[in-house]
Every structure is written in C-alpha cells, then in structure tokens.
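Asker: So I've got this file, my_file_9.csv, and it contains CSV, C-alpha atoms:
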chain,number,residue,atom,x,y,z
A,18,MET,CA,145.3,182.6,110.2
A,19,HIS,CA,144.8,186.4,109.8
A,20,ASP,CA,148.3,186.9,108.4
A,21,LEU,CA,147.8,188.8,105.2
A,22,THR,CA,151.6,188.5,104.3
A,23,LYS,CA,151.3,184.7,103.9
A,24,PRO,CA,150.4,183.7,100.4
A,25,PRO,CA,147.3,181.5,99.9
A,26,PRO,CA,148.1,177.8,99.3
A,27,ARG,CA,147.3,178.2,95.5
A,28,PRO,CA,146.9,181.1,93.1
A,29,ALA,CA,143.7,182.9,94.2
A,30,HIS,CA,143.1,183.8,90.5
A,31,ARG,CA,143.4,181.4,87.5
A,32,ALA,CA,142.8,183.0,84.2
A,33,ALA,CA,140.7,181.3,81.5
A,34,ARG,CA,141.9,180.9,77.9
A,35,GLY,CA,138.9,179.7,76.0
A,36,HIS,CA,137.7,176.7,78.0
A,37,ARG,CA,141.1,175.9,79.5
A,38,TRP,CA,142.4,177.3,82.7
A,39,GLU,CA,145.8,178.2,84.2
A,40,GLY,CA,147.0,175.3,86.3
A,41,VAL,CA,144.1,173.0,85.4
A,42,GLU,CA,145.0,169.7,83.7
A,43,VAL,CA,142.8,168.3,80.8
A,44,ARG,CA,142.2,164.7,82.0
A,45,PRO,CA,140.6,161.6,80.6
A,46,TYR,CA,136.8,161.6,81.3
A,47,LYS,CA,137.0,158.5,83.6
A,48,GLU,CA,139.1,155.5,84.5
A,49,ASP,CA,136.4,152.8,84.5
A,50,GLU,CA,137.1,150.6,81.4
A,51,ARG,CA,133.7,149.1,81.4
A,52,ALA,CA,132.0,152.4,80.9
A,53,LEU,CA,131.0,153.5,77.3
A,54,PHE,CA,131.6,157.1,76.4
A,55,LYS,CA,133.0,159.0,73.4
A,56,THR,CA,135.4,162.0,72.9
A,57,ILE,CA,134.8,163.7,76.3
A,58,SER,CA,137.4,165.3,78.6
A,59,ARG,CA,137.3,166.4,82.2
A,60,GLN,CA,138.9,169.4,84.0
A,61,ILE,CA,138.7,169.7,87.8
A,62,LEU,CA,138.2,173.5,88.4
A,63,PHE,CA,137.7,173.4,92.2
A,64,CYS,CA,138.7,170.6,94.6
A,65,ASP,CA,139.8,171.3,98.1
A,66,PRO,CA,139.5,169.5,101.5
A,67,LYS,CA,137.7,172.6,102.9
A,68,LEU,CA,135.1,172.5,100.0
A,69,ASP,CA,132.3,170.0,100.4
A,70,SER,CA,131.9,169.8,96.6
A,71,GLU,CA,133.9,169.8,93.5
A,72,LEU,CA,133.3,171.8,90.3
A,73,ARG,CA,134.3,170.1,87.1
A,74,TYR,CA,134.2,171.1,83.5
A,75,PHE,CA,133.4,168.4,80.9
A,76,GLU,CA,133.8,169.0,77.2
A,77,VAL,CA,132.1,166.7,74.7
A,78,GLU,CA,133.3,166.8,71.1
A,79,PRO,CA,130.7,166.9,68.3
A,80,GLY,CA,129.1,163.4,68.2
A,81,GLY,CA,130.4,162.5,71.6
A,82,PHE,CA,128.6,161.5,74.8
A,83,SER,CA,129.1,160.8,78.5
A,84,THR,CA,128.5,157.5,80.1
A,85,LEU,CA,124.9,156.3,80.7
A,86,GLU,CA,124.9,155.7,84.5
A,87,ARG,CA,123.1,156.4,87.8
A,88,HIS,CA,124.2,156.8,91.4
A,89,ASP,CA,123.0,158.0,94.8
A,90,HIS,CA,124.8,161.4,94.6
A,91,MET,CA,123.3,164.2,92.6
A,92,HIS,CA,124.7,166.1,89.6
A,93,ALA,CA,124.1,169.9,89.3
A,94,VAL,CA,125.0,170.9,85.8
A,95,MET,CA,125.2,174.2,83.9
A,96,VAL,CA,125.9,174.4,80.1
A,97,LEU,CA,128.9,176.6,79.5
A,98,HIS,CA,129.4,176.1,75.8
A,99,GLY,CA,127.5,174.9,72.7
A,100,ARG,CA,124.4,172.8,72.8
A,101,GLY,CA,123.3,169.2,73.1
A,102,HIS,CA,120.8,166.8,74.5
A,103,CYS,CA,120.5,165.1,77.9
A,104,LEU,CA,118.6,162.2,79.2
A,105,VAL,CA,117.5,162.5,82.9
A,106,GLY,CA,115.3,159.6,84.0
A,107,ALA,CA,112.7,159.2,81.2
A,108,GLU,CA,113.1,162.8,79.9
A,109,VAL,CA,115.1,163.8,76.9
A,110,ARG,CA,115.8,167.5,76.6
A,111,GLY,CA,117.7,169.9,74.3
A,112,ILE,CA,120.1,172.0,76.3
A,113,GLU,CA,121.7,175.3,75.5
A,114,LEU,CA,124.1,177.9,76.9
A,115,HIS,CA,123.6,178.4,80.7
A,116,ASP,CA,120.7,176.0,81.0
A,117,LEU,CA,120.6,174.1,84.3
A,118,VAL,CA,120.2,170.4,84.7
A,119,ILE,CA,119.7,168.6,88.0
A,120,VAL,CA,120.2,164.8,88.1
A,121,PRO,CA,118.3,163.4,91.1
A,122,PRO,CA,119.6,160.3,93.0
A,123,TRP,CA,119.4,156.9,91.2
A,124,THR,CA,118.4,158.5,87.9
A,125,TRP,CA,119.8,157.3,84.6
A,126,HIS,CA,121.5,160.2,82.8
A,127,GLN,CA,123.6,160.9,79.8
A,128,PHE,CA,124.8,164.0,78.0
A,129,ARG,CA,125.4,164.2,74.3
A,130,ALA,CA,126.8,166.9,72.0
A,131,THR,CA,125.1,167.4,68.7
A,132,ALA,CA,126.8,166.1,65.5
A,133,ARG,CA,128.2,169.5,64.6
A,134,GLU,CA,128.9,171.4,67.8
A,135,LYS,CA,130.8,170.6,71.0
A,136,LEU,CA,129.1,170.7,74.3
A,137,GLY,CA,130.8,172.0,77.4
A,138,PHE,CA,129.2,171.9,80.9
A,139,LEU,CA,130.0,172.5,84.5
A,140,CYS,CA,129.1,169.8,87.0
A,141,MET,CA,128.9,170.4,90.7
A,142,VAL,CA,129.2,167.2,92.7
A,143,ASN,CA,129.6,166.2,96.4
A,144,SER,CA,133.3,165.5,97.2
A,145,HIS,CA,132.3,162.4,99.1
A,146,ARG,CA,130.1,160.3,96.7
A,147,ASP,CA,129.3,156.8,95.7
A,148,LYS,CA,130.5,155.1,92.5
A,149,PRO,CA,128.3,155.2,89.4
A,150,GLN,CA,126.3,152.1,88.4
A,151,LEU,CA,126.2,151.0,84.8
A,152,PRO,CA,122.9,149.8,83.2
A,153,THR,CA,122.3,146.0,82.8
A,154,GLU,CA,120.5,144.6,79.7
A,155,SER,CA,117.3,144.6,81.7
A,156,ASP,CA,117.8,148.3,82.7
A,157,LEU,CA,118.4,149.2,79.0
A,158,ALA,CA,115.3,147.3,77.9
A,159,GLU,CA,113.2,149.2,80.4
A,160,LEU,CA,114.6,152.5,79.3
A,161,ARG,CA,114.0,151.7,75.6
A,162,GLN,CA,110.3,151.2,76.3
A,163,ASP,CA,110.0,155.0,75.8
A,164,ALA,CA,110.4,155.9,72.1
A,165,ALA,CA,112.2,159.2,72.8
A,166,VAL,CA,114.6,157.5,75.2
A,167,ALA,CA,115.2,154.7,72.8
A,168,SER,CA,116.0,157.2,70.0
A,169,PHE,CA,118.3,159.1,72.3
A,170,LEU,CA,120.1,155.9,73.4
A,171,GLU,CA,120.5,154.6,69.8
A,172,GLY,CA,123.8,156.3,69.4
A,173,ALA,CA,125.3,154.7,72.5
A,174,PRO,CA,124.4,151.0,72.9
A,175,HIS,CA,125.5,149.1,75.9
A,176,PRO,CA,129.1,147.8,75.6
A,177,ALA,CA,127.8,144.3,76.4
A,178,GLU,CA,125.8,144.2,73.2
A,179,PRO,CA,127.6,142.3,70.5
A,180,SER,CA,126.0,144.5,67.8
A,181,ALA,CA,127.0,147.7,69.5
A,182,LYS,CA,127.3,150.4,66.8
A,183,VAL,CA,128.1,154.0,67.6
A,184,THR,CA,126.3,156.5,65.4
A,185,PRO,CA,126.8,160.2,65.5
A,186,ALA,CA,124.8,161.8,68.4
A,187,GLY,CA,122.3,164.4,67.5
A,188,SER,CA,121.4,162.7,64.2
A,189,GLN,CA,118.3,161.3,65.8
A,190,HIS,CA,117.0,164.6,67.2
B,21,MET,CA,113.6,154.7,94.1
B,22,HIS,CA,114.1,153.2,90.6
B,23,ASP,CA,110.6,154.1,89.4
B,24,LEU,CA,111.1,156.0,86.2
B,25,THR,CA,107.4,156.8,86.0
B,26,LYS,CA,107.6,159.1,89.1
B,27,PRO,CA,108.5,162.7,88.2
B,28,PRO,CA,111.6,164.1,89.8
B,29,PRO,CA,110.9,166.5,92.7
B,30,ARG,CA,111.6,169.6,90.5
B,31,PRO,CA,112.1,170.1,86.8
B,32,ALA,CA,115.3,168.4,85.8
B,33,HIS,CA,115.9,171.0,83.2
B,34,ARG,CA,115.6,174.8,83.7
B,35,ALA,CA,116.2,176.9,80.6
B,36,ALA,CA,118.4,180.1,80.8
B,37,ARG,CA,117.2,183.4,79.4
B,38,GLY,CA,120.2,185.7,79.4
B,39,HIS,CA,121.3,185.5,83.0
B,40,ARG,CA,117.9,184.6,84.4
B,41,TRP,CA,116.6,181.0,84.8
B,42,GLU,CA,113.2,179.3,84.9
B,43,GLY,CA,112.0,179.0,88.4
B,44,VAL,CA,114.9,180.9,89.9
B,45,GLU,CA,114.0,184.1,91.9
B,46,VAL,CA,116.2,187.2,91.7
B,47,ARG,CA,116.8,188.0,95.4
B,48,PRO,CA,118.4,190.8,97.4
B,49,TYR,CA,122.2,190.2,97.7
B,50,LYS,CA,122.0,189.8,101.5
B,51,GLU,CA,119.9,190.5,104.6
B,52,ASP,CA,122.6,191.9,106.9
B,53,GLU,CA,121.8,195.6,107.3
B,54,ARG,CA,125.3,196.4,108.6
B,55,ALA,CA,127.0,195.2,105.4
B,56,LEU,CA,128.0,197.7,102.8
B,57,PHE,CA,127.3,196.7,99.2
B,58,LYS,CA,126.0,198.3,96.0
B,59,THR,CA,123.7,197.2,93.2
B,60,ILE,CA,124.2,193.4,93.4
B,61,SER,CA,121.6,190.6,93.1
B,62,ARG,CA,121.7,186.9,94.0
B,63,GLN,CA,120.1,183.9,92.4
B,64,ILE,CA,120.3,180.5,93.9
B,65,LEU,CA,120.8,178.0,91.1
B,66,PHE,CA,121.3,174.8,93.0
B,67,CYS,CA,120.3,174.1,96.6
B,68,ASP,CA,119.2,170.7,97.8
B,69,PRO,CA,119.4,168.7,101.0
B,70,LYS,CA,121.3,166.0,99.0
B,71,LEU,CA,123.9,168.5,97.7
B,72,ASP,CA,126.7,169.4,100.1
B,73,SER,CA,127.1,172.8,98.4
B,74,GLU,CA,125.1,175.5,96.8
B,75,LEU,CA,125.7,177.2,93.4
B,76,ARG,CA,124.7,180.8,93.3
B,77,TYR,CA,124.9,183.5,90.6
B,78,PHE,CA,125.7,187.1,91.6
B,79,GLU,CA,125.2,190.0,89.3
B,80,VAL,CA,126.9,193.3,90.0
B,81,GLU,CA,125.7,196.4,88.0
B,82,PRO,CA,128.3,198.8,86.6
B,83,GLY,CA,130.0,200.6,89.6
B,84,GLY,CA,128.6,198.1,92.1
B,85,PHE,CA,130.4,195.8,94.5
B,86,SER,CA,129.9,193.0,97.0
B,87,THR,CA,130.5,193.3,100.7
B,88,LEU,CA,134.1,193.3,102.0
B,89,GLU,CA,134.1,190.4,104.4
B,90,ARG,CA,135.8,187.2,105.5
B,91,HIS,CA,134.8,183.8,107.0
B,92,ASP,CA,135.9,180.3,107.7
B,93,HIS,CA,134.2,178.8,104.6
B,94,MET,CA,135.7,179.1,101.1
B,95,HIS,CA,134.3,180.7,98.0
B,96,ALA,CA,134.8,179.0,94.6
B,97,VAL,CA,134.0,181.6,91.9
B,98,MET,CA,133.8,181.6,88.1
B,99,VAL,CA,133.1,184.7,86.1
B,100,LEU,CA,130.1,184.2,83.9
B,101,HIS,CA,129.6,187.6,82.4
B,102,GLY,CA,131.5,190.9,81.9
B,103,ARG,CA,134.6,191.9,83.8
B,104,GLY,CA,135.7,193.5,87.0
B,105,HIS,CA,138.2,193.4,89.8
B,106,CYS,CA,138.5,191.3,93.0
B,107,LEU,CA,140.4,191.6,96.2
B,108,VAL,CA,141.5,188.3,97.8
B,109,GLY,CA,143.7,188.8,100.8
B,110,ALA,CA,146.3,191.4,99.8
B,111,GLU,CA,145.9,190.8,96.1
B,112,VAL,CA,143.9,192.9,93.6
B,113,ARG,CA,143.2,191.2,90.3
B,114,GLY,CA,141.3,192.0,87.1
B,115,ILE,CA,138.9,189.2,86.3
B,116,GLU,CA,137.3,188.3,83.0
B,117,LEU,CA,135.0,185.7,81.4
B,118,HIS,CA,135.4,182.2,82.9
B,119,ASP,CA,138.3,183.2,85.2
B,120,LEU,CA,138.4,181.3,88.4
B,121,VAL,CA,138.8,182.8,91.9
B,122,ILE,CA,139.3,180.9,95.1
B,123,VAL,CA,138.8,182.7,98.4
B,124,PRO,CA,140.7,180.8,101.2
B,125,PRO,CA,139.4,180.7,104.7
B,126,TRP,CA,139.5,183.9,106.8
B,127,THR,CA,140.6,186.0,103.8
B,128,TRP,CA,139.2,189.4,103.1
B,129,HIS,CA,137.5,189.6,99.7
B,130,GLN,CA,135.4,191.8,97.6
B,131,PHE,CA,134.2,191.8,94.0
B,132,ARG,CA,133.7,194.9,91.9
B,133,ALA,CA,132.2,195.6,88.5
B,134,THR,CA,133.9,198.2,86.4
B,135,ALA,CA,132.2,201.5,85.9
B,136,ARG,CA,130.9,200.6,82.5
B,137,GLU,CA,130.1,196.9,82.5
B,138,LYS,CA,128.2,194.6,84.8
B,139,LEU,CA,130.0,191.6,86.4
B,140,GLY,CA,128.2,188.3,86.8
B,141,PHE,CA,129.8,185.4,88.6
B,142,LEU,CA,129.0,181.9,89.9
B,143,CYS,CA,129.9,181.1,93.5
B,144,MET,CA,130.0,177.6,94.9
B,145,VAL,CA,129.8,177.5,98.7
B,146,ASN,CA,129.3,174.8,101.3
B,147,SER,CA,125.7,174.4,102.3
B,148,HIS,CA,126.7,174.4,106.0
B,149,ARG,CA,128.8,177.5,106.6
B,150,ASP,CA,129.7,180.2,109.1
B,151,LYS,CA,128.4,183.8,109.0
B,152,PRO,CA,130.7,186.4,107.4
B,153,GLN,CA,132.7,188.8,109.5
B,154,LEU,CA,132.8,192.5,108.6
B,155,PRO,CA,136.0,194.5,108.9
B,156,THR,CA,136.7,196.6,112.0
B,157,GLU,CA,138.4,200.0,111.7
B,158,SER,CA,141.7,198.3,112.6
B,159,ASP,CA,141.2,195.6,109.9
B,160,LEU,CA,140.6,198.4,107.3
B,161,ALA,CA,143.7,200.3,108.5
B,162,GLU,CA,145.8,197.2,108.1
B,163,LEU,CA,144.4,196.5,104.6
B,164,ARG,CA,145.0,200.0,103.5
B,165,GLN,CA,148.7,199.8,104.2
B,166,ASP,CA,149.0,198.2,100.7
B,167,ALA,CA,148.6,201.0,98.1
B,168,ALA,CA,146.8,198.8,95.6
B,169,VAL,CA,144.4,197.5,98.2
B,170,ALA,CA,143.8,201.0,99.5
B,171,SER,CA,143.0,202.1,96.0
B,172,PHE,CA,140.6,199.2,95.4
B,173,LEU,CA,138.8,199.9,98.7
B,174,GLU,CA,138.5,203.6,98.1
B,175,GLY,CA,135.1,203.1,96.4
B,176,ALA,CA,133.7,201.2,99.4
B,177,PRO,CA,134.5,202.8,102.7
B,178,HIS,CA,133.5,201.0,105.9
B,179,PRO,CA,129.9,201.9,106.9
B,180,ALA,CA,131.1,202.9,110.3
B,181,GLU,CA,133.1,205.7,108.9
B,182,PRO,CA,131.3,209.1,109.3
B,183,SER,CA,132.8,210.4,106.1
B,184,ALA,CA,131.8,207.3,104.1
B,185,LYS,CA,131.4,208.3,100.4
B,186,VAL,CA,130.7,205.8,97.7
B,187,THR,CA,132.4,206.6,94.4
B,188,PRO,CA,132.0,204.5,91.3
B,189,ALA,CA,133.9,201.3,91.3
B,190,GLY,CA,136.4,200.9,88.6
B,191,SER,CA,137.3,204.5,88.4
B,192,GLN,CA,140.5,203.9,90.4
B,193,HIS,CA,141.7,201.1,88.2
Starting from the file, lay out its structure as structure tokens.
Answerer:
Amino acid sequence: MHDLTKPPPRPAHRAARGHRWEGVEVRPYKEDERALFKTISRQILFCDPKLDSELRYFEVEPGGFSTLERHDHMHAVMVLHGRGHCLVGAEVRGIELHDLVIVPPWTWHQFRATAREKLGFLCMVNSHRDKPQLPTESDLAELRQDAAVASFLEGAPHPAEPSAKVTPAGSQH
Amino acid sequence: MHDLTKPPPRPAHRAARGHRWEGVEVRPYKEDERALFKTISRQILFCDPKLDSELRYFEVEPGGFSTLERHDHMHAVMVLHGRGHCLVGAEVRGIELHDLVIVPPWTWHQFRATAREKLGFLCMVNSHRDKPQLPTESDLAELRQDAAVASFLEGAPHPAEPSAKVTPAGSQH
C-alpha cells in the first residue's frame, strides 16, 4: 500500500470549470416521482467506500427549489454560488455566498433560488442514510400556521393539492 | 422529535463574512509539535455526533504549507479561495478555485499556497479516523527521487534535518 509507482484509483485532481468538474456527471436532482421540485441538478463530487460521507453540489435555477422533506440524517450545507432562501424547521432565512446551514434530524427543509439568480450549494451527507419523508396534508397545514413559513411555501404547494400552482420563488420575500 | 416549536440545538444558519463564519473559532492548524507546517489555520465548519464526517476550512497564508503526512483515512478537498500546489503521492498539481483533490489512503500529501496569494480549502474527513504519520528520512529520500516532488518539497524540509531551512513556497514553481 506504500507503492508510490501505483496510480491512485481515480485522478487525484479534478479541475473545476465554473460549477462543473472534470469527470463529474450532471444528474437529475432525484428519482422519486412523488417529490415536488423545480429546475435543480445534482453533481456528486466525492463518493467512496472509504469515505463515511458524500459531498454533493446542487444547483437551483432562478425560481427553482428543492423538495420539501425531512429525514433522520442531517444535511450540512454551504452556499457556493448566488443567493436564495431556505426553510429549516420553522425558520426562513436568506442565504448568501459561503453561508452554512445545518438541517437537524427530522426537520422540514427546502432550498429556493431567488427569481433572478441561481443558487448553488454543497451538501455533505452520511453515505448510509434513510430515505426522505414527504409532507402529508396535515404536516403542511401545521407548517403553514407560521405566516413566514406559509409565505415561503406558497411557491411550492404539495403535489397532492389539486390547485397546486407554482409561482416564482423569491417573489414573496 | 417533530416538535417545531423546539429550537434546533445550534443556529441552523451561520452567516459567512469573508472566510470566517458566525460561531466558528479560528484554531491552530494542529497540536502535534513534531509536525512541520507554516502559517495555516483551521476552522471546523461542521462537526456533530450525527454526522459521520467533519467539514473543515484550512487557510494557508502566502508562502505557507500544510504538514507532509499520510494516514489510512482519506481527504476530500475543494479549493475555496486563491490558488496553490498540492502533492498527492508522486503527483504535483497546481490547484485553483473549486478544484477537487482526493487523497487516497496511505498517500503522502501536502498543500502549499503560492508566494503571493493565500490558499483556502475545504476538507471533508471521516469523524472517526487514524492519526497522521510523518515521513522518516527514508520516506523523504524515496519521495525526492522524483525531480518534481523534490522541487515541491524543497520549501519544507523534514524537521529532523539539522540543515532544515524554510524557503517561501511557490518560488520553485
């Protein structure tokens, strides 16, 4: 294992071009068809059996948003580009370059770009983790009791709602 | 655990000011007195019992460098500021904004700022990990057989060497 003449299993160095990286595929945000989201992509920057976590880069186009969800595992987020808003529990916050966001276990969360600027963020997550849970009608009703949360969520109604209408994110803030 | 009225255990959102963060202490790079390094600081951005990894930010002043070392655990690095050079195994590479560097297990590695610009980088690492190993004289001799590696290392001789003389990093590149 100390043989320096053996090449590492992958290139040690992968150059960045904007917010794309050598050898890193731009993937759909997620596979779950029930989840509601808009114009967001995913790139897996680091994933290895010897690493206990993954580092991903998510990019949300202007007006786009991630899925409103919760789970047992935590998210550790750093904004890498642009600005936006996030919901964590009952708290809505504006987020900017290099800001940090921690999503505690079983906490509803969502990330939104503003209407004019895309939002890019890193997300560190345990490699072994549970599947996200989507909100029920009752969960949404509870969340909407807070006016700021209700306003934040207005752009992304639950897919089960027949009157679901997607309005540009950021226009309420 | 679904009580939204309970505040999270720490602020969910910590704003960035340049490359400093709310509630994040700027710490010495490391405690090991035998290790050789120069003008480098450490900030722990994410560390939690529920996270299987930590995310740290290291900042190397112009001419500074991290310790030359190896260990079983991997490093997953992203450049967040400036530029520099890194050694990974037998490979010396220039690194720039948002470039990715993976350090495989038991691979000698070191990060250096250029003489004129500081280098800041994120490093994701398993929370449970082994202690770094420092190079012996024999390890250093083996590394120096490669001319590019020898040149890279010239600025940071092993502390055991009586003639150890620290010259500005970057001047050889």
Asker: Check every residue of chain B for an atom within 7 Å of chain A, counting all atoms listed in the file, and provide those that qualify as a list in words.
Answerer: Met21, His22, Leu24, Pro28, Ala32, His33, Arg34, Ala35, Ala36, Phe66, Lys70, Leu71, Asp72, Ser73, Met94, Ala96, Val108, Gly109, Ala110, His118, Asp119, Leu120, Val121, Ile122, Val123, Pro124, Trp126 and Asn146 of chain B
Asker: Just C-alpha atoms for this one: save the residues we selected as a tab-separated table (two decimals), in the coordinates of the input.
Answerer:
chain	number	residue	atom	x	y	z
B	21	MET	CA	113.60	154.70	94.10
B	22	HIS	CA	114.10	153.20	90.60
B	24	LEU	CA	111.10	156.00	86.20
B	28	PRO	CA	111.60	164.10	89.80
B	32	ALA	CA	115.30	168.40	85.80
B	33	HIS	CA	115.90	171.00	83.20
B	34	ARG	CA	115.60	174.80	83.70
B	35	ALA	CA	116.20	176.90	80.60
B	36	ALA	CA	118.40	180.10	80.80
B	66	PHE	CA	121.30	174.80	93.00
B	70	LYS	CA	121.30	166.00	99.00
B	71	LEU	CA	123.90	168.50	97.70
B	72	ASP	CA	126.70	169.40	100.10
B	73	SER	CA	127.10	172.80	98.40
B	94	MET	CA	135.70	179.10	101.10
B	96	ALA	CA	134.80	179.00	94.60
B	108	VAL	CA	141.50	188.30	97.80
B	109	GLY	CA	143.70	188.80	100.80
B	110	ALA	CA	146.30	191.40	99.80
B	118	HIS	CA	135.40	182.20	82.90
B	119	ASP	CA	138.30	183.20	85.20
B	120	LEU	CA	138.40	181.30	88.40
B	121	VAL	CA	138.80	182.80	91.90
B	122	ILE	CA	139.30	180.90	95.10
B	123	VAL	CA	138.80	182.70	98.40
B	124	PRO	CA	140.70	180.80	101.20
B	126	TRP	CA	139.50	183.90	106.80
B	146	ASN	CA	129.30	174.80	101.30
Asker: Which distance in Å separates atom CA of A:Asp156 and atom CA of A:Lys47, to one decimal?
Answerer: 21.8 Å
Asker: To one decimal place in Å, what is the distance between atom CA of B:Leu142 and atom CA of B:Val80?
Answerer: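 Atom-to-atom, atom CA of B:Leu142 and atom CA of B:Val80 are spaced 11.6 Å apart.
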Asker: Considering only C-alpha atoms, can you say which of A:Ser58, A:Pro45, A:Leu85, A:Gly99 comes closest to A:Pro149?
Answerer: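 The closest residue to A:Pro149 is A:Leu85.
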Asker: What is the atom CA of A:Ser168 to atom CA of A:His98 distance in Å?
Answerer: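 About the pair atom CA of A:Ser168 and atom CA of A:His98: they are 23.9 Å apart.
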Asker: For a quick check of understanding, using only C-alpha atoms, which of B:Leu173, B:Cys143, B:Val46, B:Ile64 has the smallest distance to B:Leu160?
Answerer: B:Leu173
Asker: Missing atoms in stretch 62-80 of chain A need filling: write out N, CA, C and O atoms for it as a PDB file, in the frame of the given file.
Answerer:
ATOM      1  N   LEU A  62     138.001 172.029  88.234  1.00  0.00           N
ATOM      2  CA  LEU A  62     138.200 173.500  88.400  1.00  0.00           C
ATOM      3  C   LEU A  62     138.414 173.802  89.907  1.00  0.00           C
ATOM      4  O   LEU A  62     139.258 174.622  90.261  1.00  0.00           O
ATOM      5  N   PHE A  63     137.615 173.188  90.764  1.00  0.00           N
ATOM      6  CA  PHE A  63     137.700 173.400  92.200  1.00  0.00           C
ATOM      7  C   PHE A  63     137.635 172.108  92.946  1.00  0.00           C
ATOM      8  O   PHE A  63     136.667 171.354  92.766  1.00  0.00           O
ATOM      9  N   CYS A  64     138.629 171.846  93.764  1.00  0.00           N
ATOM     10  CA  CYS A  64     138.700 170.600  94.600  1.00  0.00           C
ATOM     11  C   CYS A  64     139.568 170.957  95.774  1.00  0.00           C
ATOM     12  O   CYS A  64     140.737 171.303  95.576  1.00  0.00           O
ATOM     13  N   ASP A  65     139.032 170.890  96.974  1.00  0.00           N
ATOM     14  CA  ASP A  65     139.800 171.300  98.100  1.00  0.00           C
ATOM     15  C   ASP A  65     139.208 170.596  99.366  1.00  0.00           C
ATOM     16  O   ASP A  65     137.979 170.430  99.450  1.00  0.00           O
ATOM     17  N   PRO A  66     140.068 170.192 100.334  1.00  0.00           N
ATOM     18  CA  PRO A  66     139.500 169.500 101.500  1.00  0.00           C
ATOM     19  C   PRO A  66     138.506 170.386 102.284  1.00  0.00           C
ATOM     20  O   PRO A  66     137.630 169.838 102.954  1.00  0.00           O
ATOM     21  N   LYS A  67     138.607 171.711 102.157  1.00  0.00           N
ATOM     22  CA  LYS A  67     137.700 172.600 102.900  1.00  0.00           C
ATOM     23  C   LYS A  67     136.365 172.832 102.058  1.00  0.00           C
ATOM     24  O   LYS A  67     135.427 173.447 102.562  1.00  0.00           O
ATOM     25  N   LEU A  68     136.340 172.398 100.808  1.00  0.00           N
ATOM     26  CA  LEU A  68     135.100 172.500 100.000  1.00  0.00           C
ATOM     27  C   LEU A  68     134.383 171.176 100.040  1.00  0.00           C
ATOM     28  O   LEU A  68     134.994 170.125  99.790  1.00  0.00           O
ATOM     29  N   ASP A  69     133.090 171.199 100.308  1.00  0.00           N
ATOM     30  CA  ASP A  69     132.300 170.000 100.400  1.00  0.00           C
ATOM     31  C   ASP A  69     131.908 169.425  99.036  1.00  0.00           C
ATOM     32  O   ASP A  69     131.296 168.357  98.948  1.00  0.00           O
ATOM     33  N   SER A  70     132.198 170.188  97.976  1.00  0.00           N
ATOM     34  CA  SER A  70     131.900 169.800  96.600  1.00  0.00           C
ATOM     35  C   SER A  70     133.025 170.082  95.685  1.00  0.00           C
ATOM     36  O   SER A  70     133.911 170.867  96.033  1.00  0.00           O
ATOM     37  N   GLU A  71     132.979 169.466  94.526  1.00  0.00           N
ATOM     38  CA  GLU A  71     133.900 169.800  93.500  1.00  0.00           C
ATOM     39  C   GLU A  71     133.165 170.440  92.325  1.00  0.00           C
ATOM     40  O   GLU A  71     131.984 170.167  92.111  1.00  0.00           O
ATOM     41  N   LEU A  72     133.873 171.275  91.575  1.00  0.00           N
ATOM     42  CA  LEU A  72     133.300 171.800  90.300  1.00  0.00           C
ATOM     43  C   LEU A  72     134.191 171.361  89.200  1.00  0.00           C
ATOM     44  O   LEU A  72     135.400 171.611  89.203  1.00  0.00           O
ATOM     45  N   ARG A  73     133.595 170.634  88.247  1.00  0.00           N
ATOM     46  CA  ARG A  73     134.300 170.100  87.100  1.00  0.00           C
ATOM     47  C   ARG A  73     133.773 170.699  85.826  1.00  0.00           C
ATOM     48  O   ARG A  73     132.622 171.117  85.783  1.00  0.00           O
ATOM     49  N   TYR A  74     134.610 170.701  84.777  1.00  0.00           N
ATOM     50  CA  TYR A  74     134.200 171.100  83.500  1.00  0.00           C
ATOM     51  C   TYR A  74     134.368 169.947  82.498  1.00  0.00           C
ATOM     52  O   TYR A  74     135.485 169.450  82.357  1.00  0.00           O
ATOM     53  N   PHE A  75     133.288 169.507  81.864  1.00  0.00           N
ATOM     54  CA  PHE A  75     133.400 168.400  80.900  1.00  0.00           C
ATOM     55  C   PHE A  75     133.142 168.976  79.504  1.00  0.00           C
ATOM     56  O   PHE A  75     132.268 169.831  79.298  1.00  0.00           O
ATOM     57  N   GLU A  76     133.933 168.483  78.566  1.00  0.00           N
ATOM     58  CA  GLU A  76     133.800 169.000  77.200  1.00  0.00           C
ATOM     59  C   GLU A  76     133.602 167.754  76.277  1.00  0.00           C
ATOM     60  O   GLU A  76     134.434 166.849  76.248  1.00  0.00           O
ATOM     61  N   VAL A  77     132.484 167.765  75.564  1.00  0.00           N
ATOM     62  CA  VAL A  77     132.100 166.700  74.700  1.00  0.00           C
ATOM     63  C   VAL A  77     132.274 167.133  73.241  1.00  0.00           C
ATOM     64  O   VAL A  77     131.642 168.123  72.854  1.00  0.00           O
ATOM     65  N   GLU A  78     133.100 166.468  72.459  1.00  0.00           N
ATOM     66  CA  GLU A  78     133.300 166.800  71.100  1.00  0.00           C
ATOM     67  C   GLU A  78     132.018 166.540  70.265  1.00  0.00           C
ATOM     68  O   GLU A  78     131.198 165.726  70.703  1.00  0.00           O
ATOM     69  N   PRO A  79     131.865 167.166  69.081  1.00  0.00           N
ATOM     70  CA  PRO A  79     130.700 166.900  68.300  1.00  0.00           C
ATOM     71  C   PRO A  79     130.511 165.354  68.091  1.00  0.00           C
ATOM     72  O   PRO A  79     131.477 164.644  67.777  1.00  0.00           O
ATOM     73  N   GLY A  80     129.308 164.857  68.315  1.00  0.00           N
ATOM     74  CA  GLY A  80     129.100 163.400  68.200  1.00  0.00           C
ATOM     75  C   GLY A  80     129.437 162.603  69.420  1.00  0.00           C
ATOM     76  O   GLY A  80     129.175 161.403  69.467  1.00  0.00           O
TER      77      GLY A  80
END
